[in-house]
Amino acid sequence: MKGTTPAGARDEHEAAVWVRGMFGRVAHRYDLANHLLSFNIDRFWRARTVARVRHVLERPGARVLDMCCGTGDLVLALDRYAASPVMGSDFCHPMLVAARRKIGRRHGRAALFEADALQLPLAPAVLDLVTVAFGFRNLANYEKGLLEMRRVLRPGGIVAILEFSQPPNPAFRALYGFYSRCILPRLGGALSGSRDAYTYLPESVRKFPGAAELAAGMRKAGFTSVRYELLTGGIVALHLGEAC
Ligand SMILES: C[S@@+](CC[C@H](N)C(=O)[O-])C[C@H]1O[C@@H](n2cnc3c(N)ncnc32)[C@H](O)[C@@H]1O
């Protein structure tokens with residue numbers, strides 16, 4: 001497991017700079033493109049994530065961070081069930097501005113801060129739950145990302161990673177591959193005004209480790225009780241683990 005490798009990026013720093021710039025360019029149309037291109041199924045994926053961690057959210061005083069929070073959809077979904085306000089972080093300022101506006105409109109309580117997920121400005125062992133939805137794949141170094149999540153979680157704390165994956169059924173994988181390679185870049189480009197973002201998306205999914213490999217990486221980073229479920233035929237995988 002290495003990290004994302006956008007075309008032209010020569011090292012981790014350049015990869016992170018490219019990813020931040022790309023999300024900055026699409027931030028204003030991100031929600032529209034996201035919901036349309038996923039036929040709104042992304043709402044179900046986030047709802048499933050919340051359902052799996054609800055026992056932690058409902059604990060009074062539980063400290064929860066949604067990293068790579070983007071425009072805040074998972075932050076808002078978590079906040080609905082959380083006994084205490086949740087936190088959201090991202091390293092892309094325009095995404096956080098969009099999240100702040102949306103959370104305000106919906107009277108959410110979440111606190112947001114700007115930070116690189118590979119270097120969170122948090123002390124060790126302070127969180128009960130860390131979630132990340134469709135952000136992990138974009139990290140410049142997956143091993144560092146897992147170790148950073150492990151660092152900020154208390155023993156017994158939970159990590160939940162919702163990310164695109166590869167459908168195991170060959171026929172469905174081929175169909176999904178056609179959609180993501182041929183249709184998604186055109187539609188996403190037209191909706192967001194940034195074709196390169198939606199060319200990067202299927203490429204980054206194709207290069208991302210499969211669900212079993214990610215689970216193995218989580219165990220190597222020190223998580224126990226690692227398990228995953230495939231959603232929507234394996235287009236997406238939800239991984240869960242416990243810090244020890
Ligand atoms: C595909 S969006 C997902 C946003 C949101 N979690 C959702 O479910 O819609 C990925 C987000 O991850 C953020 N991101 C990528 N790499 C990051 C890093 N190293 N540190 C912090 N945020 C990062 C991007 O800025 C972007 O907002």
# chains A, B, ... in the order shown; residues from 1 in each chain; ligands from 1

call {"tool": "closest_atom_pairs", "arguments": {"of": "chain A", "to": "ligand 1", "cutoff": "7 Å", "atoms": "only C-alpha atoms and all ligand atoms", "output": "CSV"}}
result
residue,atom,partner,partner_atom_place_in_ligand_line,distance
A:Ala16,CA,ligand 1,19 (N),6.2
A:Val19,CA,ligand 1,15 (C),6.2
A:Arg20,CA,ligand 1,25 (O),5.2
A:Phe23,CA,ligand 1,25 (O),5.4
A:Met67,CA,ligand 1,21 (C),6.5
A:Cys68,CA,ligand 1,12 (O),3.8
A:Cys69,CA,ligand 1,6 (N),3.9
A:Gly70,CA,ligand 1,27 (O),3.4
A:Thr71,CA,ligand 1,5 (C),6.1
A:Gly72,CA,ligand 1,5 (C),6.1
A:Asp73,CA,ligand 1,9 (O),5.9
A:Leu74,CA,ligand 1,8 (O),5.8
A:Ser89,CA,ligand 1,21 (C),6.7
A:Asp90,CA,ligand 1,22 (N),3.8
A:Phe91,CA,ligand 1,21 (C),4.0
A:Cys92,CA,ligand 1,25 (O),4.3
A:Met95,CA,ligand 1,27 (O),5.6
A:Ala115,CA,ligand 1,21 (C),5.7
A:Asp116,CA,ligand 1,20 (N),3.5
A:Ala117,CA,ligand 1,20 (N),3.8
A:Leu118,CA,ligand 1,19 (N),5.6
A:Val132,CA,ligand 1,6 (N),6.0
A:Ala133,CA,ligand 1,6 (N),4.3
A:Phe134,CA,ligand 1,3 (C),4.6
A:Gly135,CA,ligand 1,12 (O),3.8
A:Phe136,CA,ligand 1,16 (N),6.9
A:Asn138,CA,ligand 1,15 (C),4.9
A:Leu139,CA,ligand 1,16 (N),4.7
A:Ala140,CA,ligand 1,19 (N),6.6

call {"tool": "select_by_dssp", "arguments": {"residues": "region 40-112 of chain A", "states": "alpha helix (DSSP H)", "output": "ChimeraX atom specification"}}
result
/A:41-57,73-81,93-105

call {"tool": "closest_residue", "arguments": {"among": "A:Gly145, A:Pro121, A:Gly108, A:Pro168", "to": "Ala212 (chain A)", "atoms": "only C-alpha atoms"}}
result
A:Pro168

call {"tool": "atom_distance", "arguments": {"atom1": "CA of Pro85 (chain A)", "atom2": "CA of Ala110 (chain A)"}}
result
5.3 Å

call {"tool": "residues_around", "arguments": {"residues": "Glu148 (chain A)", "least_positions_apart": "5", "cutoff": "10 Å", "atoms": "only C-alpha atoms", "output": "list in words"}}
result
Ala117, Leu118, Gln119, Leu120, Leu122, Pro124, Tyr142, Glu143, Leu153 and Ala221 of chain A

call {"tool": "write_last_selection", "arguments": {"atoms": "C-alpha atoms", "output": "compact mmCIF listing (two decimals), in the first residue's frame"}}
result
# COMPACT_ATOMS: atom_id res chain seq x y z
CA ALA A 117 -5.10 13.89 7.61
CA LEU A 118 -1.49 12.68 7.68
CA GLN A 119 -0.63 15.17 10.41
CA LEU A 120 -3.64 15.93 12.58
CA LEU A 122 -4.43 16.46 17.92
CA PRO A 124 -2.44 11.07 20.95
CA TYR A 142 -2.08 5.10 3.12
CA GLU A 143 0.16 3.59 5.79
CA LEU A 153 -7.75 7.08 18.85
CA ALA A 221 -1.20 -0.43 11.56

call {"tool": "residues_around", "arguments": {"residues": "Gly188 (chain A)", "least_positions_apart": "6", "cutoff": "7 Å", "atoms": "only C-alpha atoms", "output": "list in words"}}
result
Ala33, Arg195 and Tyr198 of chain A

call {"tool": "select_by_dssp", "arguments": {"residues": "region 3-221 of chain A", "states": "strand (DSSP E)", "output": "CSV table (one decimal) with N, CA and C atoms, in the first residue's frame"}}
result
chain,number,residue,atom,x,y,z
A,64,VAL,N,-15.6,12.6,18.4
A,64,VAL,CA,-15.7,12.0,17.1
A,64,VAL,C,-15.1,13.0,16.1
A,65,LEU,N,-14.3,12.4,15.2
A,65,LEU,CA,-13.7,13.2,14.1
A,65,LEU,C,-14.0,12.5,12.7
A,66,ASP,N,-14.6,13.3,11.8
A,66,ASP,CA,-14.7,12.9,10.4
A,66,ASP,C,-13.6,13.6,9.7
A,67,MET,N,-12.6,12.8,9.3
A,67,MET,CA,-11.5,13.5,8.6
A,67,MET,C,-11.8,13.4,7.0
A,87,MET,N,-16.6,16.6,15.2
A,87,MET,CA,-15.6,17.5,14.5
A,87,MET,C,-15.4,17.0,13.1
A,88,GLY,N,-15.1,17.9,12.2
A,88,GLY,CA,-14.8,17.6,10.8
A,88,GLY,C,-13.5,18.3,10.4
A,89,SER,N,-12.6,17.6,9.7
A,89,SER,CA,-11.4,18.2,9.2
A,89,SER,C,-11.2,17.9,7.7
A,90,ASP,N,-10.5,18.8,7.1
A,90,ASP,CA,-10.1,18.6,5.7
A,90,ASP,C,-8.9,19.6,5.4
A,111,ALA,N,-18.0,21.2,14.7
A,111,ALA,CA,-16.8,22.1,14.6
A,111,ALA,C,-15.9,21.6,13.5
A,112,LEU,N,-15.4,22.6,12.7
A,112,LEU,CA,-14.6,22.2,11.6
A,112,LEU,C,-13.2,22.8,11.8
A,113,PHE,N,-12.2,22.1,11.3
A,113,PHE,CA,-10.8,22.6,11.3
A,113,PHE,C,-10.0,22.1,10.1
A,114,GLU,N,-9.1,23.0,9.6
A,114,GLU,CA,-8.3,22.7,8.4
A,114,GLU,C,-7.1,21.9,8.8
A,127,LEU,N,-9.5,10.5,20.8
A,127,LEU,CA,-10.8,10.3,20.1
A,127,LEU,C,-11.4,8.9,20.3
A,128,ASP,N,-12.7,8.9,20.3
A,128,ASP,CA,-13.4,7.6,20.4
A,128,ASP,C,-13.8,7.0,19.1
A,129,LEU,N,-13.8,7.9,18.1
A,129,LEU,CA,-14.2,7.4,16.7
A,129,LEU,C,-13.6,8.3,15.7
A,130,VAL,N,-13.0,7.7,14.7
A,130,VAL,CA,-12.6,8.5,13.5
A,130,VAL,C,-13.2,7.8,12.3
A,131,THR,N,-13.9,8.7,11.5
A,131,THR,CA,-14.5,8.2,10.2
A,131,THR,C,-13.8,8.9,9.0
A,132,VAL,N,-13.9,8.3,7.9
A,132,VAL,CA,-13.4,8.9,6.7
A,132,VAL,C,-14.2,8.3,5.5
A,133,ALA,N,-14.9,9.2,4.7
A,133,ALA,CA,-15.7,8.7,3.6
A,133,ALA,C,-15.1,9.3,2.3
A,153,LEU,N,-6.7,7.8,18.2
A,153,LEU,CA,-7.7,7.1,18.8
A,153,LEU,C,-7.3,6.6,20.2
A,154,ARG,N,-8.2,6.6,21.2
A,154,ARG,CA,-8.0,6.0,22.5
A,154,ARG,C,-8.0,4.4,22.3
A,155,PRO,N,-7.4,3.7,23.2
A,155,PRO,CA,-7.5,2.2,23.1
A,155,PRO,C,-9.0,1.9,23.1
A,156,GLY,N,-9.5,1.1,22.3
A,156,GLY,CA,-10.9,0.7,22.2
A,156,GLY,C,-11.7,1.6,21.2
A,157,GLY,N,-11.0,2.7,20.7
A,157,GLY,CA,-11.7,3.6,19.8
A,157,GLY,C,-11.9,2.9,18.4
A,158,ILE,N,-12.8,3.5,17.7
A,158,ILE,CA,-13.2,2.8,16.4
A,158,ILE,C,-12.8,3.7,15.2
A,159,VAL,N,-12.4,3.0,14.2
A,159,VAL,CA,-12.1,3.6,12.9
A,159,VAL,C,-13.1,3.1,11.9
A,160,ALA,N,-13.7,4.0,11.1
A,160,ALA,CA,-14.6,3.5,10.0
A,160,ALA,C,-14.1,4.2,8.7
A,161,ILE,N,-13.8,3.3,7.7
A,161,ILE,CA,-13.3,3.8,6.4
A,161,ILE,C,-14.3,3.4,5.3
A,162,LEU,N,-15.0,4.4,4.7
A,162,LEU,CA,-15.9,4.2,3.6
A,162,LEU,C,-15.2,4.6,2.4
A,163,GLU,N,-15.0,3.6,1.5
A,163,GLU,CA,-14.2,4.0,0.3
A,163,GLU,C,-14.7,3.1,-0.9
A,164,PHE,N,-14.4,3.7,-2.1
A,164,PHE,CA,-14.7,2.9,-3.3
A,164,PHE,C,-13.8,1.6,-3.4

call {"tool": "atom_distance", "arguments": {"atom1": "CA of Gly241 (chain A)", "atom2": "CA of Gly177 (chain A)"}}
result
28.7 Å

call {"tool": "residues_around", "arguments": {"residues": "Tyr200 (chain A)", "least_positions_apart": "3", "cutoff": "10 Å", "atoms": "only C-alpha atoms", "output": "PyMOL selection string"}}
result
chain A and resi 4-7+19+22+181+185+195-197+203-206

call {"tool": "write_last_selection", "arguments": {"atoms": "N, CA and C atoms", "output": "short mmCIF file (atom, residue, chain, number, x, y, z; two decimals), in the first residue's frame"}}
result
data_model
loop_
_atom_site.label_atom_id
_atom_site.label_comp_id
_atom_site.auth_asym_id
_atom_site.auth_seq_id
_atom_site.Cartn_x
_atom_site.Cartn_y
_atom_site.Cartn_z
N THR A 4 -2.03 7.72 -3.13
CA THR A 4 -2.56 8.11 -4.43
C THR A 4 -1.43 8.64 -5.33
N THR A 5 -1.57 8.41 -6.62
CA THR A 5 -0.52 8.86 -7.55
C THR A 5 -1.18 9.56 -8.75
N PRO A 6 -1.60 10.82 -8.57
CA PRO A 6 -2.18 11.55 -9.71
C PRO A 6 -1.13 11.69 -10.82
N ALA A 7 -1.60 11.70 -12.07
CA ALA A 7 -0.67 11.79 -13.20
C ALA A 7 0.22 13.03 -13.06
N VAL A 19 -4.06 16.95 -5.29
CA VAL A 19 -5.37 16.54 -4.75
C VAL A 19 -6.08 17.75 -4.13
N MET A 22 -7.27 20.09 -6.90
CA MET A 22 -8.37 19.51 -7.66
C MET A 22 -9.69 19.62 -6.89
N ARG A 181 -15.15 4.69 -16.42
CA ARG A 181 -14.11 5.14 -17.34
C ARG A 181 -14.66 6.01 -18.47
N PRO A 185 -16.30 10.48 -16.43
CA PRO A 185 -15.47 11.66 -16.70
C PRO A 185 -16.20 12.72 -17.52
N ARG A 195 -12.84 18.35 -15.94
CA ARG A 195 -12.78 16.98 -16.45
C ARG A 195 -11.67 16.17 -15.77
N ASP A 196 -10.55 16.84 -15.46
CA ASP A 196 -9.43 16.07 -14.89
C ASP A 196 -9.79 15.44 -13.55
N ALA A 197 -10.68 16.13 -12.79
CA ALA A 197 -11.10 15.58 -11.50
C ALA A 197 -11.81 14.25 -11.70
N GLU A 203 -9.44 6.41 -12.07
CA GLU A 203 -8.04 5.98 -12.02
C GLU A 203 -7.62 5.68 -10.59
N SER A 204 -8.01 6.59 -9.68
CA SER A 204 -7.61 6.41 -8.28
C SER A 204 -8.32 5.20 -7.67
N VAL A 205 -9.54 4.92 -8.12
CA VAL A 205 -10.26 3.74 -7.61
C VAL A 205 -9.57 2.48 -8.13
N ARG A 206 -9.19 2.50 -9.43
CA ARG A 206 -8.54 1.33 -10.03
C ARG A 206 -7.23 0.99 -9.31
#

call {"tool": "atom_distance", "arguments": {"atom1": "CA of Glu58 (chain A)", "atom2": "CA of Leu231 (chain A)"}}
result
24.2 Å

call {"tool": "residues_around", "arguments": {"residues": "Gly210 (chain A)", "least_positions_apart": "5", "cutoff": "9 Å", "atoms": "only C-alpha atoms", "output": "CSV table (one decimal) with C-alpha atoms, in the first residue's frame"}}
result
chain,number,residue,atom,x,y,z
A,165,SER,CA,-13.6,-0.7,-4.1
A,166,GLN,CA,-13.7,-3.2,-6.9
A,215,ALA,CA,-8.1,-4.8,5.9

call {"tool": "residues_around", "arguments": {"residues": "Arg219 (chain A)", "least_positions_apart": "6", "cutoff": "10 Å", "atoms": "only C-alpha atoms", "output": "ChimeraX atom specification"}}
result
/A:146,213,225-227,241-243

call {"tool": "write_last_selection", "arguments": {"atoms": "C-alpha atoms", "output": "JSON list (two decimals), in the first residue's frame"}}
result
[["chain", "number", "residue", "atom", "x", "y", "z"],
["A", 146, "LEU", "CA", -3.78, 4.56, 9.10],
["A", 213, "GLU", "CA", -5.56, -5.64, 1.25],
["A", 225, "SER", "CA", -11.38, -6.70, 15.09],
["A", 226, "VAL", "CA", -10.91, -5.51, 11.51],
["A", 227, "ARG", "CA", -13.86, -6.34, 9.29],
["A", 241, "GLY", "CA", -11.50, -1.62, 13.17],
["A", 242, "GLU", "CA", -10.67, -1.05, 16.79],
["A", 243, "ALA", "CA", -7.59, 0.65, 18.20]]

call {"tool": "closest_residue", "arguments": {"among": "A:Leu201, A:Leu96, A:Ala9, A:Ile183", "to": "Ala27 (chain A)", "atoms": "only C-alpha atoms"}}
result
A:Leu96

call {"tool": "closest_residue", "arguments": {"among": "A:Leu230, A:Ala190, A:Leu37, A:Met149", "to": "Cys244 (chain A)", "atoms": "only C-alpha atoms"}}
result
A:Met149

call {"tool": "closest_residue", "arguments": {"among": "A:Val86, A:Ala51, A:Leu147, A:Ile41", "to": "Val236 (chain A)", "atoms": "only C-alpha atoms"}}
result
A:Ile41

call {"tool": "closest_residue", "arguments": {"among": "A:Leu32, A:Ala98, A:Val56, A:Leu78", "to": "Leu187 (chain A)", "atoms": "only C-alpha atoms"}}
result
A:Leu32

call {"tool": "closest_residue", "arguments": {"among": "A:Leu76, A:Ala125, A:Met218, A:Leu240", "to": "His107 (chain A)", "atoms": "only C-alpha atoms"}}
result
A:Leu76

call {"tool": "decode", "arguments": {"residues": "region 161-177 of chain A", "atoms": "N, CA, C and O atoms", "output": "CSV table (one decimal), in the first residue's frame"}}
result
chain,number,residue,atom,x,y,z
A,161,ILE,N,-13.8,3.3,7.7
A,161,ILE,CA,-13.3,3.8,6.4
A,161,ILE,C,-14.3,3.4,5.3
A,161,ILE,O,-14.5,2.2,5.1
A,162,LEU,N,-15.0,4.4,4.7
A,162,LEU,CA,-15.9,4.2,3.6
A,162,LEU,C,-15.2,4.6,2.4
A,162,LEU,O,-14.8,5.7,2.2
A,163,GLU,N,-15.0,3.6,1.5
A,163,GLU,CA,-14.2,4.0,0.3
A,163,GLU,C,-14.7,3.1,-0.9
A,163,GLU,O,-15.2,2.1,-0.8
A,164,PHE,N,-14.4,3.7,-2.1
A,164,PHE,CA,-14.7,2.9,-3.3
A,164,PHE,C,-13.8,1.6,-3.4
A,164,PHE,O,-12.7,1.6,-2.8
A,165,SER,N,-14.4,0.6,-4.0
A,165,SER,CA,-13.6,-0.7,-4.1
A,165,SER,C,-13.9,-1.3,-5.5
A,165,SER,O,-14.4,-0.6,-6.4
A,166,GLN,N,-13.5,-2.5,-5.6
A,166,GLN,CA,-13.7,-3.2,-6.9
A,166,GLN,C,-14.8,-4.3,-6.8
A,166,GLN,O,-14.6,-5.2,-5.9
A,167,PRO,N,-15.9,-4.2,-7.5
A,167,PRO,CA,-16.9,-5.2,-7.4
A,167,PRO,C,-16.3,-6.6,-7.7
A,167,PRO,O,-15.6,-6.8,-8.7
A,168,PRO,N,-16.6,-7.6,-6.9
A,168,PRO,CA,-16.0,-9.0,-7.1
A,168,PRO,C,-16.6,-9.7,-8.3
A,168,PRO,O,-15.9,-10.5,-9.0
A,169,ASN,N,-17.8,-9.4,-8.7
A,169,ASN,CA,-18.5,-10.1,-9.8
A,169,ASN,C,-17.9,-9.5,-11.1
A,169,ASN,O,-18.0,-8.3,-11.4
A,170,PRO,N,-17.3,-10.4,-12.0
A,170,PRO,CA,-16.6,-9.9,-13.2
A,170,PRO,C,-17.6,-9.1,-14.1
A,170,PRO,O,-17.1,-8.1,-14.7
A,171,ALA,N,-18.8,-9.6,-14.3
A,171,ALA,CA,-19.7,-8.9,-15.2
A,171,ALA,C,-20.1,-7.5,-14.7
A,171,ALA,O,-20.1,-6.5,-15.4
A,172,PHE,N,-20.4,-7.5,-13.4
A,172,PHE,CA,-20.7,-6.2,-12.7
A,172,PHE,C,-19.5,-5.3,-12.7
A,172,PHE,O,-19.7,-4.1,-13.0
A,173,ARG,N,-18.3,-5.9,-12.5
A,173,ARG,CA,-17.1,-5.0,-12.5
A,173,ARG,C,-16.9,-4.4,-13.9
A,173,ARG,O,-16.5,-3.2,-14.0
A,174,ALA,N,-17.2,-5.2,-14.9
A,174,ALA,CA,-17.0,-4.7,-16.3
A,174,ALA,C,-18.0,-3.6,-16.6
A,174,ALA,O,-17.6,-2.5,-17.2
A,175,LEU,N,-19.2,-3.8,-16.2
A,175,LEU,CA,-20.2,-2.7,-16.4
A,175,LEU,C,-19.9,-1.4,-15.6
A,175,LEU,O,-19.9,-0.3,-16.2
A,176,TYR,N,-19.5,-1.6,-14.4
A,176,TYR,CA,-19.1,-0.5,-13.5
A,176,TYR,C,-17.9,0.2,-14.1
A,176,TYR,O,-17.8,1.4,-14.1
A,177,GLY,N,-16.9,-0.6,-14.6
A,177,GLY,CA,-15.7,-0.1,-15.2
A,177,GLY,C,-16.1,0.8,-16.4
A,177,GLY,O,-15.5,1.9,-16.6
